[in-house]
Structure formats: C-alpha cells, structure tokens
file upload_27.txt (compact mmCIF, N, CA and C atoms)
# COMPACT_ATOMS: atom_id res chain seq x y z
N GLN A 809 -14.51 -33.75 0.39
CA GLN A 809 -14.31 -32.75 -0.65
C GLN A 809 -13.26 -31.74 -0.18
N VAL A 810 -12.22 -31.56 -0.98
CA VAL A 810 -11.15 -30.63 -0.61
C VAL A 810 -11.66 -29.19 -0.75
N GLN A 811 -11.35 -28.39 0.25
CA GLN A 811 -11.71 -26.97 0.21
C GLN A 811 -10.46 -26.13 -0.02
N LEU A 812 -10.60 -25.12 -0.85
CA LEU A 812 -9.53 -24.18 -1.13
C LEU A 812 -9.98 -22.80 -0.69
N VAL A 813 -9.17 -22.14 0.12
CA VAL A 813 -9.53 -20.81 0.62
C VAL A 813 -8.43 -19.84 0.26
N GLU A 814 -8.76 -18.93 -0.66
CA GLU A 814 -7.80 -17.91 -1.11
C GLU A 814 -7.94 -16.64 -0.26
N SER A 815 -6.81 -15.97 -0.05
CA SER A 815 -6.83 -14.73 0.71
C SER A 815 -5.66 -13.85 0.28
N GLY A 816 -5.68 -12.60 0.73
CA GLY A 816 -4.55 -11.70 0.49
C GLY A 816 -4.77 -10.66 -0.58
N GLY A 817 -5.91 -10.71 -1.25
CA GLY A 817 -6.18 -9.72 -2.28
C GLY A 817 -6.49 -8.35 -1.70
N GLY A 818 -6.68 -7.40 -2.59
CA GLY A 818 -7.01 -6.05 -2.15
C GLY A 818 -6.81 -5.04 -3.25
N LEU A 819 -6.90 -3.78 -2.86
CA LEU A 819 -6.70 -2.67 -3.79
C LEU A 819 -5.26 -2.17 -3.66
N VAL A 820 -4.58 -2.08 -4.77
CA VAL A 820 -3.18 -1.65 -4.76
C VAL A 820 -2.93 -0.74 -5.95
N GLN A 821 -2.02 0.19 -5.78
CA GLN A 821 -1.68 1.10 -6.87
C GLN A 821 -0.77 0.41 -7.89
N PRO A 822 -0.79 0.87 -9.11
CA PRO A 822 0.15 0.31 -10.11
C PRO A 822 1.58 0.39 -9.59
N GLY A 823 2.32 -0.69 -9.81
CA GLY A 823 3.67 -0.80 -9.30
C GLY A 823 3.78 -1.41 -7.92
N GLY A 824 2.65 -1.62 -7.28
CA GLY A 824 2.64 -2.17 -5.94
C GLY A 824 2.77 -3.69 -5.92
N SER A 825 2.68 -4.22 -4.70
CA SER A 825 2.86 -5.66 -4.50
C SER A 825 1.77 -6.22 -3.61
N LEU A 826 1.49 -7.49 -3.79
CA LEU A 826 0.58 -8.25 -2.94
C LEU A 826 1.08 -9.68 -2.85
N ARG A 827 0.73 -10.32 -1.76
CA ARG A 827 1.03 -11.75 -1.60
C ARG A 827 -0.27 -12.48 -1.34
N LEU A 828 -0.61 -13.38 -2.23
CA LEU A 828 -1.81 -14.19 -2.08
C LEU A 828 -1.47 -15.51 -1.41
N SER A 829 -2.44 -16.02 -0.67
CA SER A 829 -2.30 -17.33 -0.03
C SER A 829 -3.49 -18.19 -0.39
N CYS A 830 -3.26 -19.49 -0.41
CA CYS A 830 -4.33 -20.45 -0.67
C CYS A 830 -4.15 -21.61 0.30
N ALA A 831 -5.09 -21.78 1.19
CA ALA A 831 -5.05 -22.88 2.16
C ALA A 831 -5.90 -24.03 1.65
N ALA A 832 -5.30 -25.21 1.63
CA ALA A 832 -5.99 -26.40 1.13
C ALA A 832 -6.28 -27.34 2.30
N SER A 833 -7.45 -27.95 2.26
CA SER A 833 -7.87 -28.82 3.37
C SER A 833 -7.59 -30.28 3.08
N THR A 834 -6.39 -30.56 2.58
CA THR A 834 -6.02 -31.96 2.33
C THR A 834 -4.59 -32.19 2.78
N ASN A 835 -4.39 -33.29 3.50
CA ASN A 835 -3.04 -33.64 3.93
C ASN A 835 -2.22 -34.22 2.78
N MET A 836 -2.88 -34.42 1.64
CA MET A 836 -2.18 -34.92 0.46
C MET A 836 -1.69 -33.78 -0.43
N PHE A 837 -1.71 -32.57 0.10
CA PHE A 837 -1.38 -31.36 -0.67
C PHE A 837 -0.05 -31.52 -1.40
N SER A 838 0.92 -32.13 -0.77
CA SER A 838 2.28 -32.17 -1.31
C SER A 838 2.38 -32.97 -2.60
N ILE A 839 1.42 -33.84 -2.89
CA ILE A 839 1.55 -34.68 -4.08
C ILE A 839 0.99 -34.02 -5.33
N TYR A 840 0.32 -32.89 -5.13
CA TYR A 840 -0.35 -32.25 -6.26
C TYR A 840 0.52 -31.18 -6.92
N ASN A 841 0.46 -31.14 -8.23
CA ASN A 841 0.95 -29.96 -8.95
C ASN A 841 -0.13 -28.90 -8.81
N MET A 842 0.26 -27.73 -8.32
CA MET A 842 -0.72 -26.69 -8.00
C MET A 842 -0.56 -25.49 -8.92
N ALA A 843 -1.59 -24.65 -8.95
CA ALA A 843 -1.56 -23.51 -9.86
C ALA A 843 -2.42 -22.37 -9.35
N TRP A 844 -2.10 -21.20 -9.81
CA TRP A 844 -2.94 -20.02 -9.62
C TRP A 844 -3.57 -19.66 -10.97
N TYR A 845 -4.83 -19.28 -10.89
CA TYR A 845 -5.58 -18.85 -12.05
C TYR A 845 -6.19 -17.48 -11.74
N ARG A 846 -6.63 -16.78 -12.78
CA ARG A 846 -7.34 -15.53 -12.55
C ARG A 846 -8.42 -15.35 -13.61
N GLN A 847 -9.44 -14.59 -13.21
CA GLN A 847 -10.53 -14.30 -14.12
C GLN A 847 -10.87 -12.82 -14.02
N ALA A 848 -10.65 -12.12 -15.10
CA ALA A 848 -10.99 -10.70 -15.18
C ALA A 848 -12.43 -10.56 -15.66
N PRO A 849 -13.07 -9.44 -15.36
CA PRO A 849 -14.46 -9.24 -15.80
C PRO A 849 -14.61 -9.42 -17.31
N GLY A 850 -15.58 -10.25 -17.69
CA GLY A 850 -15.86 -10.47 -19.10
C GLY A 850 -14.89 -11.37 -19.81
N LYS A 851 -13.95 -11.96 -19.07
CA LYS A 851 -12.95 -12.83 -19.68
C LYS A 851 -13.00 -14.22 -19.07
N GLU A 852 -12.42 -15.18 -19.78
CA GLU A 852 -12.35 -16.54 -19.26
C GLU A 852 -11.24 -16.65 -18.21
N ARG A 853 -11.39 -17.64 -17.36
CA ARG A 853 -10.36 -17.91 -16.38
C ARG A 853 -9.09 -18.37 -17.09
N GLU A 854 -7.96 -17.85 -16.65
CA GLU A 854 -6.69 -18.19 -17.30
C GLU A 854 -5.66 -18.63 -16.27
N LEU A 855 -4.74 -19.45 -16.73
CA LEU A 855 -3.64 -19.91 -15.89
C LEU A 855 -2.63 -18.78 -15.72
N VAL A 856 -2.21 -18.57 -14.48
CA VAL A 856 -1.22 -17.54 -14.17
C VAL A 856 0.15 -18.15 -13.90
N ALA A 857 0.16 -19.17 -13.05
CA ALA A 857 1.42 -19.79 -12.67
C ALA A 857 1.14 -21.18 -12.12
N GLU A 858 2.10 -22.07 -12.27
CA GLU A 858 1.95 -23.41 -11.71
C GLU A 858 3.27 -23.85 -11.09
N ILE A 859 3.14 -24.76 -10.13
CA ILE A 859 4.30 -25.31 -9.44
C ILE A 859 4.07 -26.80 -9.27
N THR A 860 5.08 -27.58 -9.65
CA THR A 860 4.95 -29.02 -9.52
C THR A 860 5.23 -29.45 -8.08
N ARG A 861 5.00 -30.71 -7.81
CA ARG A 861 5.29 -31.21 -6.47
C ARG A 861 6.80 -31.24 -6.22
N GLY A 862 7.57 -31.13 -7.29
CA GLY A 862 9.02 -31.03 -7.17
C GLY A 862 9.52 -29.60 -7.20
N ASP A 863 8.61 -28.63 -7.10
CA ASP A 863 8.92 -27.20 -7.05
C ASP A 863 9.42 -26.61 -8.36
N ASN A 864 9.16 -27.29 -9.47
CA ASN A 864 9.40 -26.66 -10.77
C ASN A 864 8.25 -25.69 -11.05
N THR A 865 8.57 -24.54 -11.62
CA THR A 865 7.55 -23.51 -11.83
C THR A 865 7.42 -23.12 -13.29
N ASN A 866 6.24 -22.60 -13.61
CA ASN A 866 5.97 -22.13 -14.97
C ASN A 866 5.01 -20.96 -14.86
N TYR A 867 5.21 -19.96 -15.72
CA TYR A 867 4.41 -18.73 -15.63
C TYR A 867 3.83 -18.34 -16.99
N ALA A 868 2.69 -17.69 -16.93
CA ALA A 868 2.15 -17.06 -18.13
C ALA A 868 3.10 -15.94 -18.55
N ASP A 869 3.21 -15.73 -19.84
CA ASP A 869 4.13 -14.69 -20.33
C ASP A 869 3.80 -13.32 -19.73
N SER A 870 2.53 -13.08 -19.47
CA SER A 870 2.11 -11.76 -19.00
C SER A 870 2.58 -11.45 -17.59
N VAL A 871 2.97 -12.48 -16.82
CA VAL A 871 3.39 -12.24 -15.43
C VAL A 871 4.83 -12.66 -15.18
N LYS A 872 5.47 -13.22 -16.17
CA LYS A 872 6.84 -13.72 -16.00
C LYS A 872 7.76 -12.59 -15.57
N GLY A 873 8.55 -12.85 -14.53
CA GLY A 873 9.46 -11.85 -14.01
C GLY A 873 8.85 -10.94 -12.96
N ARG A 874 7.53 -11.00 -12.80
CA ARG A 874 6.85 -10.15 -11.81
C ARG A 874 6.19 -10.97 -10.70
N PHE A 875 5.73 -12.17 -11.02
CA PHE A 875 5.04 -13.02 -10.04
C PHE A 875 5.92 -14.20 -9.69
N THR A 876 5.78 -14.66 -8.45
CA THR A 876 6.50 -15.85 -7.99
C THR A 876 5.54 -16.76 -7.25
N ILE A 877 5.43 -18.00 -7.72
CA ILE A 877 4.60 -18.99 -7.06
C ILE A 877 5.48 -19.83 -6.15
N SER A 878 4.93 -20.19 -4.99
CA SER A 878 5.67 -21.04 -4.06
C SER A 878 4.67 -21.83 -3.24
N ARG A 879 5.18 -22.80 -2.50
CA ARG A 879 4.31 -23.63 -1.68
C ARG A 879 4.99 -23.98 -0.37
N ASP A 880 4.18 -24.20 0.65
CA ASP A 880 4.66 -24.66 1.95
C ASP A 880 3.86 -25.92 2.26
N ASN A 881 4.43 -27.06 1.97
CA ASN A 881 3.68 -28.31 2.11
C ASN A 881 3.25 -28.60 3.55
N PRO A 882 4.09 -28.44 4.55
CA PRO A 882 3.64 -28.70 5.93
C PRO A 882 2.45 -27.81 6.33
N LYS A 883 2.39 -26.61 5.76
CA LYS A 883 1.28 -25.70 6.07
C LYS A 883 0.11 -25.87 5.10
N LEU A 884 0.25 -26.76 4.14
CA LEU A 884 -0.82 -27.02 3.15
C LEU A 884 -1.23 -25.73 2.45
N THR A 885 -0.26 -24.90 2.12
CA THR A 885 -0.54 -23.57 1.60
C THR A 885 0.26 -23.27 0.33
N LEU A 886 -0.43 -22.63 -0.60
CA LEU A 886 0.15 -22.17 -1.85
C LEU A 886 0.21 -20.65 -1.81
N TYR A 887 1.27 -20.07 -2.37
CA TYR A 887 1.44 -18.62 -2.35
C TYR A 887 1.64 -18.07 -3.76
N LEU A 888 1.30 -16.79 -3.91
CA LEU A 888 1.63 -16.07 -5.14
C LEU A 888 2.11 -14.68 -4.74
N GLN A 889 3.39 -14.44 -4.89
CA GLN A 889 3.95 -13.12 -4.64
C GLN A 889 3.86 -12.32 -5.94
N MET A 890 3.18 -11.20 -5.88
CA MET A 890 2.96 -10.38 -7.08
C MET A 890 3.63 -9.03 -6.87
N THR A 891 4.49 -8.66 -7.79
CA THR A 891 5.17 -7.36 -7.74
C THR A 891 4.95 -6.61 -9.05
N SER A 892 5.30 -5.34 -9.06
CA SER A 892 5.15 -4.49 -10.25
C SER A 892 3.77 -4.67 -10.89
N LEU A 893 2.76 -4.62 -10.04
CA LEU A 893 1.39 -4.87 -10.50
C LEU A 893 0.93 -3.82 -11.50
N LYS A 894 0.13 -4.27 -12.46
CA LYS A 894 -0.40 -3.43 -13.52
C LYS A 894 -1.94 -3.46 -13.48
N PRO A 895 -2.58 -2.45 -14.01
CA PRO A 895 -4.05 -2.47 -14.04
C PRO A 895 -4.61 -3.72 -14.71
N GLU A 896 -3.90 -4.25 -15.68
CA GLU A 896 -4.40 -5.45 -16.37
C GLU A 896 -4.27 -6.72 -15.52
N ASP A 897 -3.66 -6.62 -14.36
CA ASP A 897 -3.64 -7.75 -13.42
C ASP A 897 -4.91 -7.81 -12.58
N THR A 898 -5.76 -6.82 -12.71
CA THR A 898 -7.02 -6.80 -11.96
C THR A 898 -7.88 -8.00 -12.33
N ALA A 899 -8.25 -8.78 -11.33
CA ALA A 899 -9.01 -10.01 -11.56
C ALA A 899 -9.32 -10.65 -10.21
N VAL A 900 -10.15 -11.68 -10.26
CA VAL A 900 -10.31 -12.56 -9.11
C VAL A 900 -9.32 -13.70 -9.29
N TYR A 901 -8.54 -13.95 -8.27
CA TYR A 901 -7.49 -14.97 -8.32
C TYR A 901 -7.93 -16.21 -7.57
N TYR A 902 -7.70 -17.36 -8.19
CA TYR A 902 -8.08 -18.65 -7.64
C TYR A 902 -6.89 -19.59 -7.64
N CYS A 903 -6.91 -20.54 -6.72
CA CYS A 903 -5.93 -21.62 -6.78
C CYS A 903 -6.67 -22.93 -7.05
N ASN A 904 -5.94 -23.89 -7.55
CA ASN A 904 -6.46 -25.23 -7.80
C ASN A 904 -5.28 -26.10 -8.19
N THR A 905 -5.54 -27.35 -8.43
CA THR A 905 -4.47 -28.18 -8.96
C THR A 905 -4.22 -27.80 -10.42
N ALA A 906 -3.13 -28.26 -10.97
CA ALA A 906 -2.81 -27.94 -12.35
C ALA A 906 -3.82 -28.57 -13.31
N THR A 907 -4.54 -29.56 -12.87
CA THR A 907 -5.58 -30.20 -13.69
C THR A 907 -6.98 -29.84 -13.19
N LYS A 908 -7.06 -28.83 -12.32
CA LYS A 908 -8.35 -28.33 -11.84
C LYS A 908 -9.19 -29.44 -11.19
N SER A 909 -8.54 -30.21 -10.33
CA SER A 909 -9.19 -31.38 -9.75
C SER A 909 -10.19 -31.05 -8.66
N PHE A 910 -9.94 -29.93 -7.96
CA PHE A 910 -10.76 -29.61 -6.80
C PHE A 910 -11.88 -28.64 -7.15
N GLN A 911 -12.86 -28.59 -6.27
CA GLN A 911 -13.91 -27.59 -6.42
C GLN A 911 -13.30 -26.21 -6.24
N TRP A 912 -13.73 -25.27 -7.07
CA TRP A 912 -13.18 -23.92 -6.98
C TRP A 912 -13.59 -23.24 -5.68
N GLY A 913 -12.66 -22.49 -5.10
CA GLY A 913 -12.99 -21.66 -3.96
C GLY A 913 -13.63 -20.36 -4.41
N GLN A 914 -13.77 -19.44 -3.48
CA GLN A 914 -14.41 -18.16 -3.80
C GLN A 914 -13.45 -17.18 -4.46
N GLY A 915 -12.16 -17.46 -4.35
CA GLY A 915 -11.19 -16.57 -4.95
C GLY A 915 -10.95 -15.34 -4.09
N THR A 916 -9.97 -14.56 -4.50
CA THR A 916 -9.66 -13.31 -3.82
C THR A 916 -9.48 -12.21 -4.86
N GLN A 917 -10.14 -11.08 -4.64
CA GLN A 917 -10.16 -10.00 -5.61
C GLN A 917 -8.87 -9.18 -5.52
N VAL A 918 -8.25 -8.98 -6.66
CA VAL A 918 -7.09 -8.08 -6.76
C VAL A 918 -7.47 -6.96 -7.71
N THR A 919 -7.37 -5.74 -7.21
CA THR A 919 -7.68 -4.56 -8.01
C THR A 919 -6.46 -3.65 -8.05
N VAL A 920 -5.98 -3.37 -9.25
CA VAL A 920 -4.81 -2.51 -9.41
C VAL A 920 -5.28 -1.21 -10.07
N SER A 921 -5.26 -0.15 -9.28
CA SER A 921 -5.80 1.12 -9.76
C SER A 921 -5.22 2.26 -8.96
N SER A 922 -5.06 3.39 -9.62
CA SER A 922 -4.60 4.59 -8.92
C SER A 922 -5.79 5.42 -8.46

call {"tool": "encode", "arguments": {"input": "upload_27.txt", "output": "structure tokens"}}
result
Amino acid sequence: QVQLVESGGGLVQPGGSLRLSCAASTNMFSIYNMAWYRQAPGKERELVAEITRGDNTNYADSVKGRFTISRDNPKLTLYLQMTSLKPEDTAVYYCNTATKSFQWGQGTQVTVSS
C-alpha cells in the first residue's frame, strides 16, 4: 500500500508564502499524474492543482497565478509552492494521484490569518 506523507503547513499571515511537500512511498512515482487537493471546514475536498508525468500543469481558478505545483521524481516528492495566500486558502491540504488511486494521507494544515 502506497503511503503519502504531507508536510510544510502552518500558520501564515495573508500575503505570505508556504511550500508544501508530499513524500510518496513508491518507486513508480514518476508514472503517475499527481495532484494537490484541499478540504476546508464544512466543505468537500477540492482539486487545487495537478501535474502530469510529463510535467504539464493545471490549476483551479482560485489559485491560478499564486500556486505552483512541481515534482522531483528521483526524490519521490510532490511540491506545492503557495504565494499571496488568502484567508480562503485555509484548509487541510492533501496529495494523491489525479485519479485518487492511493489511500489518503493525514494531510497538512494551512491556516491563513492575521
């Protein structure tokens, strides 16, 4: 069973930045289209950004121009660079494949507040 471990969250002021990481326990990481998702309190989990195995990227309209998804295949790691953070970005952030193939990890909490 593949394990996903998210890290890098925290409390940040509006306008600040964070970089999230997701370590995957599979040597087949490079073949998967990967994605970041988030779930805010009382809301459903939503897609934030995705990256194909060919490094093509796609973003939710709400984060376009502010977030950047990337991957390091030799390190089996997915990243999400978040800038110009807003209070509405507050959520638990998760990674998974673009088709949600793996068991969900615990996620990492991002709180944007002054």

call {"tool": "closest_residue", "arguments": {"input": "upload_27.txt", "among": "A:Leu812, A:Val871, A:Val918, A:Leu819", "to": "A:Thr834", "atoms": "all atoms listed in the file"}}
result
A:Leu812

call {"tool": "atom_distance", "arguments": {"input": "upload_27.txt", "atom1": "atom N of A:Tyr845", "atom2": "atom C of A:Thr905"}}
result
8.6 Å

call {"tool": "atom_distance", "arguments": {"input": "upload_27.txt", "atom1": "atom C of A:Ser878", "atom2": "atom CA of A:Ser921"}}
result
26.1 Å

call {"tool": "closest_residue", "arguments": {"input": "upload_27.txt", "among": "A:Thr885, A:Ser870, A:Gln914, A:Thr891", "to": "A:Ala831", "atoms": "only N, CA and C atoms"}}
result
A:Thr885

call {"tool": "residues_around", "arguments": {"input": "upload_27.txt", "residues": "A:Asn881", "least_positions_apart": "6", "cutoff": "10 Å", "atoms": "only C-alpha atoms", "output": "PyMOL selection string"}}
result
chain A and resi 832+835-839+861

call {"tool": "select_by_dssp", "arguments": {"input": "upload_27.txt", "residues": "stretch 828-879 of chain A", "states": "strand (DSSP E)", "output": "list of chain:residue names"}}
result
A:Leu828, A:Ser829, A:Cys830, A:Ala831, A:Ala832, A:Met842, A:Ala843, A:Trp844, A:Tyr845, A:Arg846, A:Gln847, A:Glu854, A:Leu855, A:Val856, A:Ala857, A:Glu858, A:Ile859, A:Thr865, A:Asn866, A:Tyr867, A:Phe875, A:Thr876, A:Ile877, A:Ser878, A:Arg879

call {"tool": "residues_around", "arguments": {"input": "upload_27.txt", "residues": "stretch 855-859 of chain A", "least_positions_apart": "5", "cutoff": "12 Å", "atoms": "only C-alpha atoms", "output": "number ranges by chain"}}
result
A: 838-848, 864-881, 886-890, 897, 899-908

call {"tool": "atom_distance", "arguments": {"input": "upload_27.txt", "atom1": "atom C of A:Arg853", "atom2": "atom N of A:Gln809"}}
result
23.9 Å

call {"tool": "closest_residue", "arguments": {"input": "upload_27.txt", "among": "A:Pro895, A:Gly850, A:Gly862, A:Gly817", "to": "A:Ser922", "atoms": "only N, CA and C atoms"}}
result
A:Pro895

call {"tool": "axis_aligned_box", "arguments": {"input": "upload_27.txt", "around": "stretch 814-825 of chain A", "padding_each_side": "5 Å", "output": "lines of an AutoDock Vina configuration file"}}
result
center_x = -2.5
center_y = -8.9
center_z = -4.7
size_x = 22.5
size_y = 30.0
size_z = 20.8

call {"tool": "closest_residue", "arguments": {"input": "upload_27.txt", "among": "A:Asp863, A:Gly915, A:Leu884, A:Lys894", "to": "A:Ser825", "atoms": "only C-alpha atoms"}}
result
A:Lys894

call {"tool": "select_by_dssp", "arguments": {"input": "upload_27.txt", "residues": "stretch 815-909 of chain A", "states": "helix (DSSP H, G or I)", "output": "PyMOL selection string"}}
result
chain A and resi 837-839+895-897
